[in-house]
Structures are given as C-alpha cells and as structure tokens.
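Listing of query-v4.txt, compact mmCIF, N, CA and C atoms
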# COMPACT_ATOMS: atom_id res chain seq x y z
N MET A 1 34.59 -38.91 -39.45
CA MET A 1 35.63 -38.13 -38.81
C MET A 1 36.99 -38.66 -39.23
N THR A 2 37.92 -37.75 -39.33
CA THR A 2 39.27 -38.15 -39.72
C THR A 2 40.02 -38.72 -38.51
N THR A 3 41.19 -39.26 -38.78
CA THR A 3 42.00 -39.83 -37.71
C THR A 3 42.41 -38.76 -36.71
N LEU A 4 42.77 -37.58 -37.18
CA LEU A 4 43.15 -36.48 -36.29
C LEU A 4 41.99 -36.08 -35.39
N GLN A 5 40.81 -36.03 -35.93
CA GLN A 5 39.65 -35.68 -35.12
C GLN A 5 39.39 -36.74 -34.05
N TRP A 6 39.54 -38.01 -34.40
CA TRP A 6 39.36 -39.07 -33.40
C TRP A 6 40.39 -38.96 -32.29
N ILE A 7 41.63 -38.66 -32.66
CA ILE A 7 42.68 -38.49 -31.65
C ILE A 7 42.35 -37.34 -30.71
N LEU A 8 41.88 -36.23 -31.27
CA LEU A 8 41.50 -35.08 -30.45
C LEU A 8 40.32 -35.40 -29.54
N VAL A 9 39.34 -36.12 -30.05
CA VAL A 9 38.17 -36.49 -29.24
C VAL A 9 38.59 -37.41 -28.10
N ILE A 10 39.41 -38.40 -28.39
CA ILE A 10 39.86 -39.32 -27.35
C ILE A 10 40.73 -38.59 -26.32
N GLY A 11 41.61 -37.73 -26.79
CA GLY A 11 42.45 -36.96 -25.87
C GLY A 11 41.64 -36.03 -24.98
N GLY A 12 40.68 -35.33 -25.58
CA GLY A 12 39.82 -34.44 -24.80
C GLY A 12 38.95 -35.20 -23.82
N GLY A 13 38.40 -36.32 -24.26
CA GLY A 13 37.58 -37.14 -23.36
C GLY A 13 38.39 -37.70 -22.20
N THR A 14 39.62 -38.10 -22.48
CA THR A 14 40.50 -38.60 -21.42
C THR A 14 40.82 -37.49 -20.43
N ALA A 15 41.14 -36.30 -20.93
CA ALA A 15 41.45 -35.18 -20.04
C ALA A 15 40.25 -34.81 -19.17
N LEU A 16 39.07 -34.79 -19.77
CA LEU A 16 37.87 -34.46 -18.99
C LEU A 16 37.57 -35.54 -17.95
N THR A 17 37.80 -36.80 -18.30
CA THR A 17 37.57 -37.89 -17.36
C THR A 17 38.53 -37.81 -16.18
N ILE A 18 39.79 -37.53 -16.45
CA ILE A 18 40.77 -37.38 -15.37
C ILE A 18 40.41 -36.21 -14.48
N THR A 19 39.96 -35.11 -15.08
CA THR A 19 39.55 -33.94 -14.30
C THR A 19 38.35 -34.26 -13.42
N LEU A 20 37.38 -34.98 -13.97
CA LEU A 20 36.20 -35.37 -13.17
C LEU A 20 36.59 -36.25 -11.99
N ILE A 21 37.47 -37.20 -12.22
CA ILE A 21 37.90 -38.10 -11.13
C ILE A 21 38.66 -37.32 -10.07
N ALA A 22 39.56 -36.42 -10.50
CA ALA A 22 40.33 -35.63 -9.53
C ALA A 22 39.42 -34.72 -8.71
N ALA A 23 38.44 -34.10 -9.36
CA ALA A 23 37.50 -33.23 -8.64
C ALA A 23 36.65 -34.04 -7.67
N LEU A 24 36.25 -35.23 -8.06
CA LEU A 24 35.45 -36.08 -7.17
C LEU A 24 36.27 -36.51 -5.95
N ILE A 25 37.52 -36.85 -6.16
CA ILE A 25 38.39 -37.22 -5.04
C ILE A 25 38.57 -36.04 -4.09
N ARG A 26 38.80 -34.84 -4.64
CA ARG A 26 38.97 -33.66 -3.79
C ARG A 26 37.69 -33.35 -3.03
N ALA A 27 36.56 -33.56 -3.65
CA ALA A 27 35.29 -33.29 -2.96
C ALA A 27 35.06 -34.28 -1.82
N ILE A 28 35.53 -35.50 -1.98
CA ILE A 28 35.33 -36.51 -0.94
C ILE A 28 36.31 -36.33 0.21
N ILE A 29 37.60 -36.14 -0.09
CA ILE A 29 38.59 -36.09 0.98
C ILE A 29 38.99 -34.68 1.37
N GLY A 30 38.47 -33.67 0.68
CA GLY A 30 38.86 -32.30 0.99
C GLY A 30 38.60 -31.96 2.45
N PRO A 31 39.60 -31.48 3.16
CA PRO A 31 39.39 -31.26 4.59
C PRO A 31 38.52 -30.05 4.92
N THR A 32 38.38 -29.11 4.00
CA THR A 32 37.61 -27.91 4.31
C THR A 32 36.42 -27.78 3.37
N VAL A 33 35.51 -26.92 3.76
CA VAL A 33 34.35 -26.63 2.91
C VAL A 33 34.81 -25.96 1.62
N LEU A 34 35.84 -25.12 1.72
CA LEU A 34 36.35 -24.45 0.52
C LEU A 34 36.86 -25.46 -0.50
N ASP A 35 37.59 -26.47 -0.05
CA ASP A 35 38.07 -27.52 -0.97
C ASP A 35 36.90 -28.22 -1.66
N ARG A 36 35.89 -28.53 -0.90
CA ARG A 36 34.73 -29.23 -1.47
C ARG A 36 33.96 -28.34 -2.44
N MET A 37 33.87 -27.05 -2.13
CA MET A 37 33.14 -26.13 -3.01
C MET A 37 33.88 -25.93 -4.32
N ILE A 38 35.19 -25.76 -4.25
CA ILE A 38 35.98 -25.62 -5.47
C ILE A 38 35.91 -26.90 -6.30
N ALA A 39 35.95 -28.05 -5.64
CA ALA A 39 35.86 -29.32 -6.36
C ALA A 39 34.51 -29.46 -7.06
N SER A 40 33.44 -29.03 -6.40
CA SER A 40 32.13 -29.13 -7.05
C SER A 40 32.04 -28.16 -8.23
N ASP A 41 32.65 -26.98 -8.11
CA ASP A 41 32.67 -26.06 -9.25
C ASP A 41 33.46 -26.65 -10.42
N VAL A 42 34.61 -27.24 -10.12
CA VAL A 42 35.41 -27.87 -11.18
C VAL A 42 34.63 -29.02 -11.81
N PHE A 43 33.96 -29.81 -10.99
CA PHE A 43 33.18 -30.94 -11.49
C PHE A 43 32.08 -30.46 -12.44
N LEU A 44 31.31 -29.46 -12.00
CA LEU A 44 30.22 -28.95 -12.85
C LEU A 44 30.74 -28.28 -14.11
N THR A 45 31.84 -27.55 -14.00
CA THR A 45 32.43 -26.93 -15.19
C THR A 45 32.90 -27.98 -16.18
N THR A 46 33.47 -29.06 -15.68
CA THR A 46 33.92 -30.14 -16.56
C THR A 46 32.74 -30.81 -17.25
N VAL A 47 31.64 -30.98 -16.54
CA VAL A 47 30.44 -31.54 -17.17
C VAL A 47 29.94 -30.62 -18.28
N VAL A 48 29.96 -29.31 -18.02
CA VAL A 48 29.54 -28.35 -19.06
C VAL A 48 30.47 -28.43 -20.26
N LEU A 49 31.77 -28.56 -20.02
CA LEU A 49 32.72 -28.70 -21.13
C LEU A 49 32.47 -29.98 -21.92
N GLY A 50 32.16 -31.05 -21.23
CA GLY A 50 31.84 -32.31 -21.91
C GLY A 50 30.60 -32.18 -22.78
N LEU A 51 29.58 -31.51 -22.25
CA LEU A 51 28.36 -31.30 -23.05
C LEU A 51 28.65 -30.41 -24.26
N GLY A 52 29.50 -29.40 -24.06
CA GLY A 52 29.88 -28.55 -25.19
C GLY A 52 30.65 -29.32 -26.26
N GLY A 53 31.53 -30.20 -25.81
CA GLY A 53 32.25 -31.04 -26.76
C GLY A 53 31.33 -31.96 -27.52
N ASP A 54 30.34 -32.51 -26.83
CA ASP A 54 29.34 -33.36 -27.49
C ASP A 54 28.57 -32.56 -28.53
N MET A 55 28.24 -31.31 -28.20
CA MET A 55 27.51 -30.47 -29.17
C MET A 55 28.35 -30.20 -30.41
N VAL A 56 29.66 -30.03 -30.22
CA VAL A 56 30.53 -29.79 -31.38
C VAL A 56 30.66 -31.05 -32.23
N ILE A 57 30.87 -32.18 -31.57
CA ILE A 57 31.08 -33.43 -32.31
C ILE A 57 29.83 -33.84 -33.08
N ARG A 58 28.68 -33.77 -32.43
CA ARG A 58 27.43 -34.22 -33.07
C ARG A 58 26.71 -33.10 -33.82
N GLN A 59 27.22 -31.89 -33.75
CA GLN A 59 26.68 -30.72 -34.46
C GLN A 59 25.20 -30.50 -34.15
N HIS A 60 24.93 -30.30 -32.85
CA HIS A 60 23.57 -29.98 -32.43
C HIS A 60 23.63 -28.93 -31.32
N THR A 61 22.49 -28.38 -30.98
CA THR A 61 22.42 -27.38 -29.91
C THR A 61 21.39 -27.77 -28.85
N ASP A 62 21.14 -29.03 -28.70
CA ASP A 62 20.11 -29.49 -27.78
C ASP A 62 20.51 -29.35 -26.31
N SER A 63 21.79 -29.24 -26.02
CA SER A 63 22.25 -29.25 -24.63
C SER A 63 22.43 -27.86 -24.03
N ILE A 64 22.12 -26.82 -24.77
CA ILE A 64 22.36 -25.46 -24.27
C ILE A 64 21.56 -25.18 -23.01
N THR A 65 20.32 -25.60 -22.96
CA THR A 65 19.49 -25.37 -21.77
C THR A 65 20.08 -26.08 -20.55
N LEU A 66 20.50 -27.31 -20.72
CA LEU A 66 21.11 -28.05 -19.62
C LEU A 66 22.41 -27.41 -19.17
N MET A 67 23.23 -26.96 -20.12
CA MET A 67 24.48 -26.29 -19.77
C MET A 67 24.23 -25.01 -18.98
N THR A 68 23.23 -24.25 -19.37
CA THR A 68 22.89 -23.02 -18.66
C THR A 68 22.40 -23.33 -17.25
N ALA A 69 21.58 -24.35 -17.10
CA ALA A 69 21.08 -24.73 -15.78
C ALA A 69 22.22 -25.20 -14.87
N ILE A 70 23.15 -25.96 -15.40
CA ILE A 70 24.28 -26.42 -14.60
C ILE A 70 25.15 -25.25 -14.17
N ALA A 71 25.41 -24.32 -15.10
CA ALA A 71 26.23 -23.15 -14.77
C ALA A 71 25.55 -22.29 -13.71
N ALA A 72 24.24 -22.09 -13.82
CA ALA A 72 23.51 -21.29 -12.83
C ALA A 72 23.53 -21.98 -11.47
N THR A 73 23.38 -23.29 -11.46
CA THR A 73 23.43 -24.04 -10.20
C THR A 73 24.80 -23.87 -9.54
N ALA A 74 25.85 -23.94 -10.32
CA ALA A 74 27.20 -23.78 -9.76
C ALA A 74 27.39 -22.38 -9.17
N VAL A 75 26.94 -21.36 -9.88
CA VAL A 75 27.10 -19.99 -9.40
C VAL A 75 26.30 -19.77 -8.13
N PHE A 76 25.04 -20.15 -8.13
CA PHE A 76 24.20 -19.93 -6.95
C PHE A 76 24.67 -20.77 -5.77
N GLY A 77 25.15 -21.96 -6.03
CA GLY A 77 25.68 -22.79 -4.94
C GLY A 77 26.91 -22.17 -4.31
N THR A 78 27.80 -21.64 -5.14
CA THR A 78 29.00 -20.99 -4.62
C THR A 78 28.66 -19.76 -3.80
N ILE A 79 27.75 -18.95 -4.29
CA ILE A 79 27.34 -17.75 -3.56
C ILE A 79 26.69 -18.12 -2.24
N THR A 80 25.83 -19.12 -2.25
CA THR A 80 25.15 -19.53 -1.02
C THR A 80 26.14 -20.04 0.03
N VAL A 81 27.07 -20.87 -0.39
CA VAL A 81 28.06 -21.39 0.56
C VAL A 81 28.94 -20.26 1.08
N ALA A 82 29.34 -19.35 0.20
CA ALA A 82 30.19 -18.24 0.62
C ALA A 82 29.48 -17.34 1.63
N ARG A 83 28.19 -17.19 1.52
CA ARG A 83 27.45 -16.33 2.45
C ARG A 83 27.23 -16.99 3.81
N HIS A 84 27.18 -18.31 3.85
CA HIS A 84 26.82 -18.98 5.09
C HIS A 84 27.98 -19.64 5.82
N VAL A 85 29.14 -19.69 5.21
CA VAL A 85 30.30 -20.27 5.88
C VAL A 85 31.09 -19.13 6.51
N HIS A 86 31.37 -19.28 7.79
CA HIS A 86 32.13 -18.25 8.51
C HIS A 86 33.59 -18.64 8.53
N ARG A 87 34.43 -17.63 8.48
CA ARG A 87 35.86 -17.87 8.52
C ARG A 87 36.26 -18.24 9.94
N THR A 88 36.95 -19.37 10.08
CA THR A 88 37.42 -19.78 11.40
C THR A 88 38.92 -19.58 11.54
N ASP A 89 39.62 -19.36 10.45
CA ASP A 89 41.07 -19.17 10.50
C ASP A 89 41.40 -17.69 10.45
N GLY A 90 40.85 -16.92 11.35
CA GLY A 90 41.08 -15.48 11.37
C GLY A 90 42.45 -15.16 11.94
N PRO A 91 42.86 -13.90 11.80
CA PRO A 91 44.15 -13.50 12.36
C PRO A 91 44.10 -13.54 13.89
N GLU A 92 45.24 -13.81 14.49
CA GLU A 92 45.29 -13.90 15.94
C GLU A 92 45.07 -12.55 16.60
N HIS A 93 45.53 -11.51 15.97
CA HIS A 93 45.32 -10.17 16.50
C HIS A 93 45.12 -9.21 15.34
N VAL A 94 44.54 -8.10 15.65
CA VAL A 94 44.31 -7.10 14.63
C VAL A 94 45.21 -5.92 14.95
N GLY A 95 45.90 -5.43 13.98
CA GLY A 95 46.79 -4.29 14.18
C GLY A 95 48.09 -4.53 13.46
N PRO A 96 49.00 -3.56 13.61
CA PRO A 96 50.28 -3.71 12.91
C PRO A 96 51.11 -4.85 13.50
N ILE A 97 51.86 -5.49 12.65
CA ILE A 97 52.69 -6.60 13.09
C ILE A 97 54.06 -6.05 13.47
N THR A 98 54.51 -6.37 14.67
CA THR A 98 55.83 -5.93 15.12
C THR A 98 56.68 -7.14 15.42
N ARG A 99 57.99 -6.95 15.31
CA ARG A 99 58.92 -8.02 15.63
C ARG A 99 59.24 -7.98 17.12
N PRO A 100 59.66 -9.10 17.68
CA PRO A 100 60.03 -9.08 19.10
C PRO A 100 61.18 -8.10 19.34
N GLY A 101 61.03 -7.29 20.35
CA GLY A 101 62.06 -6.31 20.69
C GLY A 101 61.82 -4.94 20.09
N GLU A 102 60.97 -4.83 19.08
CA GLU A 102 60.66 -3.54 18.48
C GLU A 102 59.52 -2.89 19.24
N PRO A 103 59.52 -1.56 19.32
CA PRO A 103 58.40 -0.90 20.00
C PRO A 103 57.12 -1.06 19.20
N GLY A 104 56.05 -1.37 19.88
CA GLY A 104 54.76 -1.52 19.23
C GLY A 104 53.93 -0.28 19.41
N PRO A 105 52.67 -0.29 18.97
CA PRO A 105 51.81 0.88 19.09
C PRO A 105 51.55 1.26 20.55
N GLU A 106 51.53 0.27 21.45
CA GLU A 106 51.31 0.58 22.86
C GLU A 106 52.49 1.35 23.42
N ASP A 107 53.72 0.96 23.02
CA ASP A 107 54.91 1.65 23.50
C ASP A 107 54.94 3.09 23.01
N ALA A 108 54.50 3.32 21.79
CA ALA A 108 54.48 4.68 21.24
C ALA A 108 53.51 5.55 22.01
N ALA A 109 52.37 5.00 22.42
CA ALA A 109 51.40 5.77 23.19
C ALA A 109 51.96 6.12 24.56
N HIS A 110 52.67 5.18 25.19
CA HIS A 110 53.27 5.46 26.50
C HIS A 110 54.40 6.47 26.37
N ALA A 111 55.15 6.44 25.28
CA ALA A 111 56.26 7.37 25.10
C ALA A 111 55.74 8.80 24.97
N THR A 112 54.62 9.01 24.29
CA THR A 112 54.08 10.37 24.15
C THR A 112 53.53 10.86 25.47
N GLU A 113 52.97 9.97 26.29
CA GLU A 113 52.47 10.37 27.61
C GLU A 113 53.62 10.70 28.54
N ASP A 114 54.72 9.95 28.45
CA ASP A 114 55.87 10.20 29.32
C ASP A 114 56.57 11.50 28.95
N ALA A 115 56.51 11.88 27.68
CA ALA A 115 57.17 13.10 27.23
C ALA A 115 56.46 14.34 27.73
N ARG A 116 55.23 14.25 28.13
CA ARG A 116 54.48 15.42 28.60
C ARG A 116 54.90 15.76 29.94

Starting from the file, lay out its structure as structure tokens.
Amino acid sequence: MTTLQWILVIGGGTALTITLIAALIRAIIGPTVLDRMIASDVFLTTVVLGLGGDMVIRQHTDSITLMTAIAATAVFGTITVARHVHRTDGPEHVGPITRPGEPGPEDAAHATEDAR
C-alpha cells in the first residue's frame, strides 16, 4: 500500500473508533430508550462500515454474510423496540392551540348557542 492509502486507512479507522466510543457512551448514559436505540443502530452501522473497509483493504468478500446478519439484527431490533415502547411525552391536550385571552373552540360553541 502507498503512503496515501495508509493515511486514509488510519484516518478511517480513527473516525470509526471515535464513532464507536461515542455510540457506546450514548448507549450507556442515554436517558431515554430512544437514545439507547439510536446509539445501538449507530454502533452496529459502524461495525458494518468497519467490516466493509476490511473487505476493501484485504480484497475479499468473506464478511458479506456477517454484515447482512448485523444489518438485519439492527433493523429488526429497531422495529421491535418501536412497537413495544409507548410514548410517555404526549401532548397535554388535544385540539387547537389558543393563546390566553383569545376565544377557544368552547367559546365559539357558546357564542352560536347564545345567538339563537
């Protein structure tokens, strides 16, 4: 490999390592399930990128099955968590938002009844 290729490999490996560490930290300290799920997706995607880089550098295709399995695990894990986690930060009320002092939908209903 040439010097430029070595620089690119070291730079890419460093970037992937930093991404893995950041995703691991977010997965550990993330306050919500969403933070942890996104961190695990980033972690698995970074592993797949690392395996792809290894395939390019060593010129082989032995890791394709593993990459596919990791990607499928990430997708199915995300779908499963999304289906079973309920939203707890819902809106306080449902309906149009009015400012203080403005007539709301209840006032409009009373105004039409009073007009009769």

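Shortest separation to Gly53 of chain A among A:Ile79, A:Ala72, A:Leu34, A:Met67 occurs at residue A:Met67, atoms counted being only C-alpha atoms.
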
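Interatomic distance, atom N of Leu20 of chain A against atom C of Thr78 of chain A: 20.3 Å.
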
Taking the DSSP assignment computed from this structure's backbone, write out as an MDAnalysis selection string all residues of segment 30-89 of chain A that belong to alpha helix (DSSP H). chainID A and resid 33:58 64:84

Coords for segment 46-88 of chain A, N, CA and C atoms, as a PDB file, in the first residue's frame:
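Result file is part24.pdb:
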ATOM      1  N   THR A  46     -21.630   1.259  12.350  1.00  0.00           N
ATOM      2  CA  THR A  46     -20.187   1.493  12.333  1.00  0.00           C
ATOM      3  C   THR A  46     -19.419   0.181  12.231  1.00  0.00           C
ATOM      4  N   VAL A  47     -19.898  -0.854  12.894  1.00  0.00           N
ATOM      5  CA  VAL A  47     -19.259  -2.170  12.774  1.00  0.00           C
ATOM      6  C   VAL A  47     -19.353  -2.670  11.331  1.00  0.00           C
ATOM      7  N   VAL A  48     -20.522  -2.483  10.709  1.00  0.00           N
ATOM      8  CA  VAL A  48     -20.682  -2.896   9.309  1.00  0.00           C
ATOM      9  C   VAL A  48     -19.736  -2.101   8.411  1.00  0.00           C
ATOM     10  N   LEU A  49     -19.591  -0.805   8.668  1.00  0.00           N
ATOM     11  CA  LEU A  49     -18.650   0.002   7.884  1.00  0.00           C
ATOM     12  C   LEU A  49     -17.214  -0.476   8.071  1.00  0.00           C
ATOM     13  N   GLY A  50     -16.860  -0.830   9.292  1.00  0.00           N
ATOM     14  CA  GLY A  50     -15.515  -1.358   9.544  1.00  0.00           C
ATOM     15  C   GLY A  50     -15.267  -2.660   8.806  1.00  0.00           C
ATOM     16  N   LEU A  51     -16.267  -3.537   8.808  1.00  0.00           N
ATOM     17  CA  LEU A  51     -16.125  -4.797   8.060  1.00  0.00           C
ATOM     18  C   LEU A  51     -16.016  -4.535   6.558  1.00  0.00           C
ATOM     19  N   GLY A  52     -16.779  -3.560   6.072  1.00  0.00           N
ATOM     20  CA  GLY A  52     -16.680  -3.205   4.651  1.00  0.00           C
ATOM     21  C   GLY A  52     -15.312  -2.646   4.301  1.00  0.00           C
ATOM     22  N   GLY A  53     -14.779  -1.823   5.190  1.00  0.00           N
ATOM     23  CA  GLY A  53     -13.430  -1.303   4.970  1.00  0.00           C
ATOM     24  C   GLY A  53     -12.389  -2.401   4.967  1.00  0.00           C
ATOM     25  N   ASP A  54     -12.546  -3.368   5.858  1.00  0.00           N
ATOM     26  CA  ASP A  54     -11.638  -4.518   5.887  1.00  0.00           C
ATOM     27  C   ASP A  54     -11.724  -5.299   4.578  1.00  0.00           C
ATOM     28  N   MET A  55     -12.942  -5.448   4.050  1.00  0.00           N
ATOM     29  CA  MET A  55     -13.099  -6.173   2.780  1.00  0.00           C
ATOM     30  C   MET A  55     -12.407  -5.438   1.636  1.00  0.00           C
ATOM     31  N   VAL A  56     -12.457  -4.105   1.665  1.00  0.00           N
ATOM     32  CA  VAL A  56     -11.800  -3.332   0.606  1.00  0.00           C
ATOM     33  C   VAL A  56     -10.285  -3.432   0.733  1.00  0.00           C
ATOM     34  N   ILE A  57      -9.783  -3.294   1.952  1.00  0.00           N
ATOM     35  CA  ILE A  57      -8.334  -3.300   2.158  1.00  0.00           C
ATOM     36  C   ILE A  57      -7.731  -4.661   1.823  1.00  0.00           C
ATOM     37  N   ARG A  58      -8.357  -5.724   2.300  1.00  0.00           N
ATOM     38  CA  ARG A  58      -7.810  -7.069   2.090  1.00  0.00           C
ATOM     39  C   ARG A  58      -8.312  -7.733   0.816  1.00  0.00           C
ATOM     40  N   GLN A  59      -9.216  -7.088   0.112  1.00  0.00           N
ATOM     41  CA  GLN A  59      -9.758  -7.561  -1.170  1.00  0.00           C
ATOM     42  C   GLN A  59     -10.346  -8.966  -1.056  1.00  0.00           C
ATOM     43  N   HIS A  60     -11.347  -9.080  -0.172  1.00  0.00           N
ATOM     44  CA  HIS A  60     -12.059 -10.350  -0.033  1.00  0.00           C
ATOM     45  C   HIS A  60     -13.543 -10.056   0.174  1.00  0.00           C
ATOM     46  N   THR A  61     -14.358 -11.080   0.106  1.00  0.00           N
ATOM     47  CA  THR A  61     -15.800 -10.925   0.313  1.00  0.00           C
ATOM     48  C   THR A  61     -16.311 -11.886   1.386  1.00  0.00           C
ATOM     49  N   ASP A  62     -15.467 -12.256   2.301  1.00  0.00           N
ATOM     50  CA  ASP A  62     -15.845 -13.235   3.318  1.00  0.00           C
ATOM     51  C   ASP A  62     -16.803 -12.673   4.369  1.00  0.00           C
ATOM     52  N   SER A  63     -16.867 -11.369   4.516  1.00  0.00           N
ATOM     53  CA  SER A  63     -17.652 -10.768   5.600  1.00  0.00           C
ATOM     54  C   SER A  63     -19.067 -10.370   5.195  1.00  0.00           C
ATOM     55  N   ILE A  64     -19.458 -10.636   3.966  1.00  0.00           N
ATOM     56  CA  ILE A  64     -20.777 -10.192   3.500  1.00  0.00           C
ATOM     57  C   ILE A  64     -21.898 -10.826   4.315  1.00  0.00           C
ATOM     58  N   THR A  65     -21.788 -12.092   4.633  1.00  0.00           N
ATOM     59  CA  THR A  65     -22.828 -12.763   5.420  1.00  0.00           C
ATOM     60  C   THR A  65     -22.949 -12.143   6.804  1.00  0.00           C
ATOM     61  N   LEU A  66     -21.833 -11.875   7.441  1.00  0.00           N
ATOM     62  CA  LEU A  66     -21.846 -11.252   8.760  1.00  0.00           C
ATOM     63  C   LEU A  66     -22.424  -9.840   8.693  1.00  0.00           C
ATOM     64  N   MET A  67     -22.063  -9.085   7.665  1.00  0.00           N
ATOM     65  CA  MET A  67     -22.596  -7.734   7.509  1.00  0.00           C
ATOM     66  C   MET A  67     -24.112  -7.756   7.324  1.00  0.00           C
ATOM     67  N   THR A  68     -24.608  -8.702   6.547  1.00  0.00           N
ATOM     68  CA  THR A  68     -26.051  -8.825   6.336  1.00  0.00           C
ATOM     69  C   THR A  68     -26.762  -9.199   7.631  1.00  0.00           C
ATOM     70  N   ALA A  69     -26.182 -10.104   8.394  1.00  0.00           N
ATOM     71  CA  ALA A  69     -26.789 -10.508   9.665  1.00  0.00           C
ATOM     72  C   ALA A  69     -26.818  -9.347  10.659  1.00  0.00           C
ATOM     73  N   ILE A  70     -25.763  -8.566  10.716  1.00  0.00           N
ATOM     74  CA  ILE A  70     -25.728  -7.412  11.621  1.00  0.00           C
ATOM     75  C   ILE A  70     -26.765  -6.378  11.203  1.00  0.00           C
ATOM     76  N   ALA A  71     -26.867  -6.110   9.901  1.00  0.00           N
ATOM     77  CA  ALA A  71     -27.851  -5.139   9.416  1.00  0.00           C
ATOM     78  C   ALA A  71     -29.274  -5.600   9.706  1.00  0.00           C
ATOM     79  N   ALA A  72     -29.554  -6.886   9.503  1.00  0.00           N
ATOM     80  CA  ALA A  72     -30.893  -7.415   9.785  1.00  0.00           C
ATOM     81  C   ALA A  72     -31.202  -7.338  11.273  1.00  0.00           C
ATOM     82  N   THR A  73     -30.222  -7.634  12.107  1.00  0.00           N
ATOM     83  CA  THR A  73     -30.418  -7.533  13.554  1.00  0.00           C
ATOM     84  C   THR A  73     -30.747  -6.102  13.958  1.00  0.00           C
ATOM     85  N   ALA A  74     -30.053  -5.142  13.377  1.00  0.00           N
ATOM     86  CA  ALA A  74     -30.318  -3.737  13.698  1.00  0.00           C
ATOM     87  C   ALA A  74     -31.726  -3.330  13.284  1.00  0.00           C
ATOM     88  N   VAL A  75     -32.140  -3.734  12.093  1.00  0.00           N
ATOM     89  CA  VAL A  75     -33.474  -3.370  11.606  1.00  0.00           C
ATOM     90  C   VAL A  75     -34.555  -4.007  12.465  1.00  0.00           C
ATOM     91  N   PHE A  76     -34.449  -5.298  12.713  1.00  0.00           N
ATOM     92  CA  PHE A  76     -35.477  -5.977  13.497  1.00  0.00           C
ATOM     93  C   PHE A  76     -35.492  -5.492  14.947  1.00  0.00           C
ATOM     94  N   GLY A  77     -34.338  -5.180  15.488  1.00  0.00           N
ATOM     95  CA  GLY A  77     -34.290  -4.634  16.845  1.00  0.00           C
ATOM     96  C   GLY A  77     -34.968  -3.282  16.938  1.00  0.00           C
ATOM     97  N   THR A  78     -34.734  -2.428  15.954  1.00  0.00           N
ATOM     98  CA  THR A  78     -35.370  -1.115  15.941  1.00  0.00           C
ATOM     99  C   THR A  78     -36.880  -1.235  15.811  1.00  0.00           C
ATOM    100  N   ILE A  79     -37.337  -2.094  14.929  1.00  0.00           N
ATOM    101  CA  ILE A  79     -38.779  -2.285  14.742  1.00  0.00           C
ATOM    102  C   ILE A  79     -39.413  -2.837  16.016  1.00  0.00           C
ATOM    103  N   THR A  80     -38.765  -3.795  16.644  1.00  0.00           N
ATOM    104  CA  THR A  80     -39.309  -4.387  17.867  1.00  0.00           C
ATOM    105  C   THR A  80     -39.413  -3.364  18.989  1.00  0.00           C
ATOM    106  N   VAL A  81     -38.377  -2.580  19.179  1.00  0.00           N
ATOM    107  CA  VAL A  81     -38.414  -1.567  20.233  1.00  0.00           C
ATOM    108  C   VAL A  81     -39.468  -0.514  19.920  1.00  0.00           C
ATOM    109  N   ALA A  82     -39.570  -0.106  18.662  1.00  0.00           N
ATOM    110  CA  ALA A  82     -40.559   0.903  18.284  1.00  0.00           C
ATOM    111  C   ALA A  82     -41.981   0.409  18.516  1.00  0.00           C
ATOM    112  N   ARG A  83     -42.226  -0.857  18.343  1.00  0.00           N
ATOM    113  CA  ARG A  83     -43.573  -1.400  18.541  1.00  0.00           C
ATOM    114  C   ARG A  83     -43.941  -1.555  20.007  1.00  0.00           C
ATOM    115  N   HIS A  84     -42.958  -1.746  20.870  1.00  0.00           N
ATOM    116  CA  HIS A  84     -43.261  -2.051  22.264  1.00  0.00           C
ATOM    117  C   HIS A  84     -43.030  -0.902  23.234  1.00  0.00           C
ATOM    118  N   VAL A  85     -42.439   0.175  22.776  1.00  0.00           N
ATOM    119  CA  VAL A  85     -42.229   1.326  23.649  1.00  0.00           C
ATOM    120  C   VAL A  85     -43.375   2.299  23.425  1.00  0.00           C
ATOM    121  N   HIS A  86     -44.016   2.692  24.510  1.00  0.00           N
ATOM    122  CA  HIS A  86     -45.131   3.625  24.420  1.00  0.00           C
ATOM    123  C   HIS A  86     -44.626   5.032  24.662  1.00  0.00           C
ATOM    124  N   ARG A  87     -45.242   5.968  23.980  1.00  0.00           N
ATOM    125  CA  ARG A  87     -44.862   7.361  24.151  1.00  0.00           C
ATOM    126  C   ARG A  87     -45.399   7.858  25.486  1.00  0.00           C
ATOM    127  N   THR A  88     -44.513   8.427  26.295  1.00  0.00           N
ATOM    128  CA  THR A  88     -44.935   8.981  27.578  1.00  0.00           C
ATOM    129  C   THR A  88     -44.956  10.499  27.549  1.00  0.00           C
TER     130      THR A  88
END
